Amino acid sequence: MGSFGSQCFVKLLLVMSLIEISLAARKLNELVQDQSQLLRYHNGPLLSGKITVNIIWYGKFKPSQRAIVSDFITSLSGSSPTQVNQPSVANWWKIIEKYYHLTSKKSTLSLNLGQQIVEESYSLGKSLTNKQLIELASKGDQKNAINVVLTSSDVTINGFCTNRCGTHGSALGSKTGQVKGKKYKFAYIWVGNSETQCPGYCAWPFHQPIYGPQSPPLVAPNNDVGLDGMVINLASLLAGTATNPFGNGYFQGPKEAPLEAATTCTGVYGKGAYPGYAGNLLVDSTTGASYNANGDNGRKYLLPALYDPSTSSCSTLV
């Protein structure tokens with residue numbers, strides 16, 4: 001259960017990420033660390049079965065922006081009625097399935113888009129605490145679900161843009177009582193839109209990094225630096241949530257500062273990646289946008305590399 005670490009750029013100090021892993025705070029040595037060590041399985045449950053991804057939109061988002069994220073979620077299942085070009089978002093997610101094959105239960109996971117709750121009135125204000133994030137996450141159905149809170153660019157969160165770009169964790173369920181005599185936990189994710197606050201911190205490689213090796217920013221595949229950056233963060237957090245939902249799944253390092261399926265490979269998007277360079281990516285001939293995955297409705301996305309437990313290495317689509 002970690003928060004999401006910096007895709008954006010990397011430093012020459014190996015840092016321990018907080019449980020709330022910051023996409024932007026990951027450092028250089030996490031990128032170049034020895035990949036021979038498998039993520040250790042700590043014998044806890046993984047998310048399994050049919051899991052609904054509910055989205056709570058907090059603040060102002062255009063319908064076109066919401067579609068970028070919802071199309072990404074539906075792309076994970078690979079069940080689009082129309083043919084999706086390769087490499088695809090669904091193929092990217094197949095790496096996560098390998099973690100399930102390693103456990104004794106040999107369970108499976110299927111993600112589907114559920115509720116979309118639009119909270120445009122800023123009911124909790126524009127400066128939120130961690131407790132308020134969980135309160136927002138609780139608005140979605142909690143059984144067999146991941147509740148994703150996405151905050152708009154004018155909302156500030158404790159630690160946002162300073163040591164994290166998003167979070168994943170779990171909280172006690174409150175809506176459907178107890179399960180087998182025990183209170184159950186539900187998984188949640190929060191990701192913020194960094195476009196106006198810290199795109200160089202949370203939306204690299206679509207913006208010049210605020211530190212580290214400098215290279216020209218890439219063109220965002222959906223022409224929205226903030227939302228395309230959010231998809232990167234959300235993708236990484238979904239990988240961590242599936243494989244380490246309650247802090248005792250797959251991770252390496254201390255429980256309070258875990259490296260997970262995606263954050264072990266921070267900063268890598270294509271083959272040949274190195275600090276400040278995302279790797280050899282596909283480029284849209286019309287828009288010039290860089291991407292590595294095709295999704296539903298003709299979407300293109302840039303998704304982070306995932307740690308492949310079968311090869312003990314970071315796996316990229318391109």
# chains A, B, ... in the order shown; residues from 1 in each chain; ligands from 1
$ select_by_dssp --residues "range 145-265 of chain A" --states "alpha helix (DSSP H)" --output "ChimeraX atom specification"
/A:199-202,225-243
$ write_last_selection --atoms "N, CA and C atoms" --output "JSON list (two decimals), in the first residue's frame"
[["chain", "number", "residue", "atom", "x", "y", "z"],
["A", 199, "PRO", "N", 3.68, 20.67, -12.93],
["A", 199, "PRO", "CA", 3.79, 19.71, -14.03],
["A", 199, "PRO", "C", 5.20, 19.15, -14.21],
["A", 200, "GLY", "N", 6.22, 19.92, -13.83],
["A", 200, "GLY", "CA", 7.58, 19.43, -13.92],
["A", 200, "GLY", "C", 7.90, 18.39, -12.86],
["A", 201, "TYR", "N", 7.01, 18.27, -11.90],
["A", 201, "TYR", "CA", 7.21, 17.31, -10.81],
["A", 201, "TYR", "C", 6.36, 16.06, -11.01],
["A", 202, "CYS", "N", 5.14, 16.25, -11.48],
["A", 202, "CYS", "CA", 4.19, 15.13, -11.55],
["A", 202, "CYS", "C", 3.74, 14.78, -12.96],
["A", 225, "VAL", "N", -1.53, 17.93, -20.83],
["A", 225, "VAL", "CA", -0.40, 17.59, -19.97],
["A", 225, "VAL", "C", -0.87, 17.11, -18.61],
["A", 226, "GLY", "N", -1.84, 17.81, -18.03],
["A", 226, "GLY", "CA", -2.33, 17.44, -16.71],
["A", 226, "GLY", "C", -2.98, 16.07, -16.68],
["A", 227, "LEU", "N", -3.89, 15.81, -17.61],
["A", 227, "LEU", "CA", -4.62, 14.53, -17.62],
["A", 227, "LEU", "C", -3.74, 13.38, -18.08],
["A", 228, "ASP", "N", -2.88, 13.60, -19.06],
["A", 228, "ASP", "CA", -1.98, 12.53, -19.48],
["A", 228, "ASP", "C", -1.01, 12.19, -18.36],
["A", 229, "GLY", "N", -0.59, 13.20, -17.59],
["A", 229, "GLY", "CA", 0.23, 12.93, -16.42],
["A", 229, "GLY", "C", -0.54, 12.15, -15.36],
["A", 230, "MET", "N", -1.82, 12.48, -15.20],
["A", 230, "MET", "CA", -2.65, 11.76, -14.23],
["A", 230, "MET", "C", -2.80, 10.28, -14.62],
["A", 231, "VAL", "N", -2.90, 10.01, -15.91],
["A", 231, "VAL", "CA", -3.02, 8.62, -16.35],
["A", 231, "VAL", "C", -1.76, 7.83, -15.98],
["A", 232, "ILE", "N", -0.59, 8.43, -16.16],
["A", 232, "ILE", "CA", 0.65, 7.76, -15.76],
["A", 232, "ILE", "C", 0.60, 7.41, -14.28],
["A", 233, "ASN", "N", 0.25, 8.40, -13.47],
["A", 233, "ASN", "CA", 0.20, 8.18, -12.02],
["A", 233, "ASN", "C", -0.86, 7.15, -11.65],
["A", 234, "LEU", "N", -2.02, 7.26, -12.26],
["A", 234, "LEU", "CA", -3.11, 6.33, -11.98],
["A", 234, "LEU", "C", -2.72, 4.91, -12.38],
["A", 235, "ALA", "N", -2.08, 4.76, -13.53],
["A", 235, "ALA", "CA", -1.66, 3.44, -13.99],
["A", 235, "ALA", "C", -0.71, 2.80, -12.99],
["A", 236, "SER", "N", 0.25, 3.57, -12.51],
["A", 236, "SER", "CA", 1.21, 3.04, -11.54],
["A", 236, "SER", "C", 0.54, 2.65, -10.24],
["A", 237, "LEU", "N", -0.40, 3.49, -9.81],
["A", 237, "LEU", "CA", -1.11, 3.22, -8.56],
["A", 237, "LEU", "C", -2.05, 2.04, -8.68],
["A", 238, "LEU", "N", -2.66, 1.85, -9.83],
["A", 238, "LEU", "CA", -3.51, 0.67, -10.03],
["A", 238, "LEU", "C", -2.67, -0.60, -9.94],
["A", 239, "ALA", "N", -1.46, -0.57, -10.51],
["A", 239, "ALA", "CA", -0.58, -1.73, -10.44],
["A", 239, "ALA", "C", -0.21, -2.03, -8.98],
["A", 240, "GLY", "N", 0.09, -0.98, -8.21],
["A", 240, "GLY", "CA", 0.42, -1.17, -6.81],
["A", 240, "GLY", "C", -0.78, -1.62, -5.99],
["A", 241, "THR", "N", -1.95, -1.09, -6.32],
["A", 241, "THR", "CA", -3.16, -1.46, -5.59],
["A", 241, "THR", "C", -3.53, -2.92, -5.82],
["A", 242, "ALA", "N", -3.41, -3.38, -7.05],
["A", 242, "ALA", "CA", -3.76, -4.77, -7.36],
["A", 242, "ALA", "C", -2.84, -5.75, -6.65],
["A", 243, "THR", "N", -1.54, -5.44, -6.61],
["A", 243, "THR", "CA", -0.55, -6.40, -6.12],
["A", 243, "THR", "C", -0.14, -6.18, -4.67]]
$ select_by_dssp --residues "range 162-304 of chain A" --states "strand (DSSP E or B)" --output "ChimeraX atom specification"
/A:164,166-172,179,182,185-192,219,250-252,259,274,277,282-283,289-291,293-294,300-301
$ write_last_selection --atoms "N, CA, C and O atoms" --output "short mmCIF file (atom, residue, chain, number, x, y, z; two decimals), in the first residue's frame"
data_model
loop_
_atom_site.label_atom_id
_atom_site.label_comp_id
_atom_site.auth_asym_id
_atom_site.auth_seq_id
_atom_site.Cartn_x
_atom_site.Cartn_y
_atom_site.Cartn_z
N ARG A 164 4.71 13.93 -3.24
CA ARG A 164 3.85 12.93 -3.86
C ARG A 164 2.96 13.56 -4.92
O ARG A 164 2.67 14.75 -4.89
N GLY A 166 0.28 11.35 -5.88
CA GLY A 166 -0.89 10.52 -5.68
C GLY A 166 -0.64 9.53 -4.57
O GLY A 166 0.46 9.47 -4.00
N THR A 167 -1.65 8.75 -4.24
CA THR A 167 -1.59 7.83 -3.11
C THR A 167 -2.44 6.60 -3.40
O THR A 167 -3.44 6.70 -4.09
N HIS A 168 -2.03 5.46 -2.86
CA HIS A 168 -2.99 4.37 -2.77
C HIS A 168 -2.92 3.77 -1.38
O HIS A 168 -1.90 3.83 -0.70
N GLY A 169 -4.04 3.26 -0.92
CA GLY A 169 -4.11 2.71 0.42
C GLY A 169 -5.41 1.97 0.61
O GLY A 169 -6.09 1.60 -0.35
N SER A 170 -5.78 1.75 1.86
CA SER A 170 -7.04 1.09 2.16
C SER A 170 -7.66 1.74 3.38
O SER A 170 -6.96 2.36 4.19
N ALA A 171 -8.96 1.61 3.51
CA ALA A 171 -9.69 2.19 4.62
C ALA A 171 -10.80 1.23 5.03
O ALA A 171 -11.22 0.39 4.23
N LEU A 172 -11.26 1.36 6.26
CA LEU A 172 -12.35 0.51 6.72
C LEU A 172 -13.63 0.86 6.00
O LEU A 172 -13.99 2.04 5.87
N VAL A 179 -18.20 -8.11 7.31
CA VAL A 179 -18.07 -9.32 6.52
C VAL A 179 -17.47 -10.40 7.42
O VAL A 179 -16.39 -10.22 7.98
N LYS A 182 -16.06 -9.41 10.76
CA LYS A 182 -14.97 -8.44 10.82
C LYS A 182 -15.26 -7.27 9.90
O LYS A 182 -15.87 -7.44 8.85
N LYS A 185 -11.88 -3.94 4.64
CA LYS A 185 -11.21 -2.77 4.08
C LYS A 185 -11.51 -2.66 2.60
O LYS A 185 -11.70 -3.66 1.92
N PHE A 186 -11.56 -1.43 2.13
CA PHE A 186 -11.67 -1.23 0.69
C PHE A 186 -10.45 -0.44 0.22
O PHE A 186 -9.83 0.30 0.98
N ALA A 187 -10.09 -0.64 -1.03
CA ALA A 187 -8.91 0.00 -1.60
C ALA A 187 -9.29 1.34 -2.23
O ALA A 187 -10.36 1.49 -2.81
N TYR A 188 -8.40 2.29 -2.09
CA TYR A 188 -8.65 3.59 -2.72
C TYR A 188 -7.36 4.13 -3.33
O TYR A 188 -6.25 3.72 -2.97
N ILE A 189 -7.55 5.05 -4.24
CA ILE A 189 -6.45 5.74 -4.92
C ILE A 189 -6.79 7.22 -4.97
O ILE A 189 -7.96 7.59 -5.16
N TRP A 190 -5.80 8.05 -4.82
CA TRP A 190 -5.98 9.48 -5.12
C TRP A 190 -4.87 9.93 -6.07
O TRP A 190 -3.71 9.55 -5.91
N VAL A 191 -5.24 10.73 -7.06
CA VAL A 191 -4.28 11.35 -7.98
C VAL A 191 -4.71 12.80 -8.20
O VAL A 191 -5.90 13.08 -8.39
N GLY A 192 -3.77 13.72 -8.17
CA GLY A 192 -4.06 15.13 -8.41
C GLY A 192 -3.64 15.57 -9.80
O GLY A 192 -2.70 15.01 -10.39
N VAL A 219 5.29 15.50 -26.41
CA VAL A 219 3.91 15.91 -26.68
C VAL A 219 2.98 14.88 -26.06
O VAL A 219 3.13 13.67 -26.27
N TYR A 250 2.85 -7.82 -2.69
CA TYR A 250 4.16 -7.79 -3.34
C TYR A 250 4.79 -6.41 -3.19
O TYR A 250 4.24 -5.41 -3.65
N PHE A 251 5.95 -6.37 -2.57
CA PHE A 251 6.74 -5.13 -2.53
C PHE A 251 8.14 -5.47 -2.06
O PHE A 251 8.41 -6.57 -1.59
N GLN A 252 9.03 -4.51 -2.20
CA GLN A 252 10.37 -4.68 -1.65
C GLN A 252 10.69 -3.48 -0.79
O GLN A 252 10.10 -2.41 -0.95
N LEU A 259 8.67 -0.32 -2.50
CA LEU A 259 8.72 -0.23 -3.96
C LEU A 259 7.80 -1.34 -4.48
O LEU A 259 7.87 -2.47 -4.02
N TYR A 274 16.90 6.03 -19.84
CA TYR A 274 17.92 6.36 -18.84
C TYR A 274 17.48 7.67 -18.18
O TYR A 274 16.51 8.30 -18.65
N TYR A 277 15.50 10.51 -19.88
CA TYR A 277 15.05 10.03 -21.20
C TYR A 277 14.08 8.88 -20.99
O TYR A 277 14.42 7.86 -20.37
N LEU A 282 6.73 5.19 -29.37
CA LEU A 282 6.01 5.40 -30.61
C LEU A 282 5.63 6.87 -30.73
O LEU A 282 5.39 7.53 -29.72
N VAL A 283 5.56 7.37 -31.94
CA VAL A 283 5.21 8.78 -32.16
C VAL A 283 4.08 8.86 -33.17
O VAL A 283 4.15 8.26 -34.25
N ALA A 289 2.74 13.27 -30.95
CA ALA A 289 2.67 12.83 -29.56
C ALA A 289 3.40 11.51 -29.35
O ALA A 289 3.39 10.64 -30.23
N SER A 290 4.00 11.37 -28.18
CA SER A 290 4.69 10.14 -27.82
C SER A 290 3.78 9.25 -26.99
O SER A 290 3.07 9.73 -26.10
N TYR A 291 3.81 7.95 -27.27
CA TYR A 291 2.95 7.02 -26.55
C TYR A 291 3.54 5.62 -26.64
O TYR A 291 4.48 5.38 -27.40
N ALA A 293 1.04 2.82 -25.76
CA ALA A 293 -0.10 1.91 -25.64
C ALA A 293 -1.33 2.48 -26.33
O ALA A 293 -1.60 3.69 -26.25
N ASN A 294 -2.06 1.61 -27.01
CA ASN A 294 -3.33 1.98 -27.64
C ASN A 294 -4.47 1.52 -26.75
O ASN A 294 -4.40 0.48 -26.09
N LYS A 300 -4.61 6.90 -27.25
CA LYS A 300 -3.20 6.55 -27.09
C LYS A 300 -2.76 7.02 -25.71
O LYS A 300 -3.17 8.09 -25.25
N TYR A 301 -1.94 6.22 -25.05
CA TYR A 301 -1.49 6.55 -23.70
C TYR A 301 0.00 6.26 -23.56
O TYR A 301 0.57 5.43 -24.27
#
$ residues_around --residues "Glu97 in chain A" --least-positions-apart "3" --cutoff "10 Å" --atoms "only C-alpha atoms" --output "list in words"
Trp92, Trp93, Lys94, Tyr100, His101, Leu102, Lys106, Ser107, Thr108, Leu109, Ser110, Ala242, Thr243 and Asp308 of chain A
$ write_last_selection --atoms "C-alpha atoms" --output "short mmCIF file (atom, residue, chain, number, x, y, z; two decimals), in the first residue's frame"
data_model
loop_
_atom_site.label_atom_id
_atom_site.label_comp_id
_atom_site.auth_asym_id
_atom_site.auth_seq_id
_atom_site.Cartn_x
_atom_site.Cartn_y
_atom_site.Cartn_z
CA TRP A 92 0.36 -3.76 -20.45
CA TRP A 93 -1.97 -4.99 -17.71
CA LYS A 94 -1.18 -8.65 -18.50
CA TYR A 100 -1.45 -13.85 -9.49
CA HIS A 101 0.08 -16.93 -11.06
CA LEU A 102 2.80 -16.92 -8.40
CA LYS A 106 -3.89 -18.78 -8.40
CA SER A 107 -6.64 -16.15 -8.36
CA THR A 108 -7.43 -13.72 -11.17
CA LEU A 109 -8.43 -10.07 -11.40
CA SER A 110 -10.85 -8.33 -13.75
CA ALA A 242 -3.76 -4.77 -7.36
CA THR A 243 -0.55 -6.40 -6.12
CA ASP A 308 7.86 -8.59 -14.54
#
$ residues_around --residues "Asn85 in chain A" --least-positions-apart "3" --cutoff "12 Å" --atoms "only C-alpha atoms" --output "list in words"
Ser75, Gly78, Ser80, Thr82, Ser88, Val89, Ala90, Asn91, Asn292, Ala293, Asn294, Gly295, Asp296, Asn297, Gly298, Arg299 and Lys300 of chain A
$ atom_distance --atom1 "CA of Leu136 in chain A" --atom2 "CA of Asp154 in chain A"
16.6 Å
$ closest_residue --among "A:Gly288, A:Gly44, A:Gly59, A:Gly140" --to "Asn223 in chain A" --atoms "only C-alpha atoms"
A:Gly288
